[in-house]
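Trainee: Here it is, the structure, as structure tokens.
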Amino acid sequence: MSGERPDRPTLTRRSLFRAAGGVALGAGLAWGAAAAGPPRRRPRPRVVVLEACAGCTGCVVACPTAAIRVTARGIEVVEERCNSCGYCASVCPVGGIEVRRHDDGGGP
């Protein structure tokens, strides 16, 4: 008994399970729950360039992920790079770019 420390509780699988709120560690499931697939994620907002865009390129400079580029057709957003932070919309002097949620007309 000299090796035990009475000031520390003994860790068991059961005590870890209870401490995690009944969730099986590593599995993400409560005991007896069936796996329903990956959790559903909310769609990310989209950055949309509007017709009001004056082409000043302030958004291109402000974008921290270089997701906005100037092309022959105007300003374009590379959705794979965009993190929807909104810096571009905050620097636009004419409101020519905005961040839209998918449920407010932002499209798929």
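In the structure tokens, chains take the letters A, B, ... in the order shown, each chain's residues start at 1, and ligands count up from 1 in the order shown.
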From range 73-105 of chain A, collect each residue whose DSSP state is strand (DSSP E or B) and return the set as an NGL selection string.

Mentor: :A and (74-77 or 97-100)

Trainee: Save out the residues we just selected, N, CA and C atoms, as an mmCIF file, in the first residue's frame.

Mentor:
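Once written, out.cif looks like this:
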```cif
data_model
loop_
_atom_site.group_PDB
_atom_site.id
_atom_site.type_symbol
_atom_site.label_atom_id
_atom_site.label_comp_id
_atom_site.auth_asym_id
_atom_site.auth_seq_id
_atom_site.Cartn_x
_atom_site.Cartn_y
_atom_site.Cartn_z
ATOM 1 N N GLY A 74 -13.250 39.968 -65.109
ATOM 2 C CA GLY A 74 -13.434 40.771 -63.902
ATOM 3 C C GLY A 74 -12.851 40.071 -62.682
ATOM 4 N N ILE A 75 -13.418 40.348 -61.538
ATOM 5 C CA ILE A 75 -12.963 39.770 -60.268
ATOM 6 C C ILE A 75 -13.639 38.409 -60.090
ATOM 7 N N GLU A 76 -12.851 37.388 -59.749
ATOM 8 C CA GLU A 76 -13.393 36.046 -59.513
ATOM 9 C C GLU A 76 -12.917 35.533 -58.166
ATOM 10 N N VAL A 77 -13.752 34.710 -57.542
ATOM 11 C CA VAL A 77 -13.421 34.081 -56.264
ATOM 12 C C VAL A 77 -13.161 32.606 -56.519
ATOM 13 N N ILE A 97 -18.914 43.255 -53.311
ATOM 14 C CA ILE A 97 -18.638 41.865 -52.960
ATOM 15 C C ILE A 97 -19.257 41.614 -51.592
ATOM 16 N N GLU A 98 -19.873 40.459 -51.423
ATOM 17 C CA GLU A 98 -20.522 40.162 -50.146
ATOM 18 C C GLU A 98 -20.431 38.678 -49.823
ATOM 19 N N VAL A 99 -20.587 38.386 -48.539
ATOM 20 C CA VAL A 99 -20.582 37.009 -48.062
ATOM 21 C C VAL A 99 -22.035 36.607 -47.856
ATOM 22 N N ARG A 100 -22.448 35.515 -48.503
ATOM 23 C CA ARG A 100 -23.836 35.051 -48.414
ATOM 24 C C ARG A 100 -23.893 33.659 -47.820
#
```

Trainee: Write out as an MDAnalysis selection string the residues lying within 12 Å of Pro64 in chain A, counting only C-alpha atoms and excluding same-chain residues fewer than 6 positions away.

Mentor: chainID A and resid 81:88

Trainee: For the residues selected in the previous step, produce a file with C-alpha atoms as a CSV table (one decimal), in the first residue's frame.

Mentor:
```
chain,number,residue,atom,x,y,z
A,81,ARG,CA,-9.2,28.7,-51.4
A,82,CYS,CA,-11.8,31.0,-49.9
A,83,ASN,CA,-12.4,30.6,-46.1
A,84,SER,CA,-15.4,33.0,-46.1
A,85,CYS,CA,-13.7,35.4,-43.6
A,86,GLY,CA,-15.3,38.5,-45.1
A,87,TYR,CA,-12.2,40.7,-45.3
A,88,CYS,CA,-12.9,41.4,-49.0
```

Trainee: Restricting the calculation to only C-alpha atoms, which member of A:Ser15, A:Glu80, A:Pro93, A:Arg101 is positioned closest to Cys56 in chain A?

Mentor: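 Under the stated criterion, the closest residue is A:Pro93.
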
Trainee: Need to verify the contact set: Ala54 in chain A, 9 Å, only C-alpha atoms, exclusion of same-chain residues closer than 2 positions in sequence. Can you return it as a VMD selection string?

Mentor: chain A and resid 51 to 52 56 to 57 93 to 94 96

Trainee: Have a look at CA of Gly58 in chain A and CA of Cys92 in chain A and let me know their distance in Å, one decimal.

Mentor: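 Spanning CA of Gly58 in chain A to CA of Cys92 in chain A is a straight-line distance of 6.4 Å.
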
Trainee: Quick one, how far is CA of Ile68 in chain A from CA of Arg41 in chain A?

Mentor: 24.6 Å
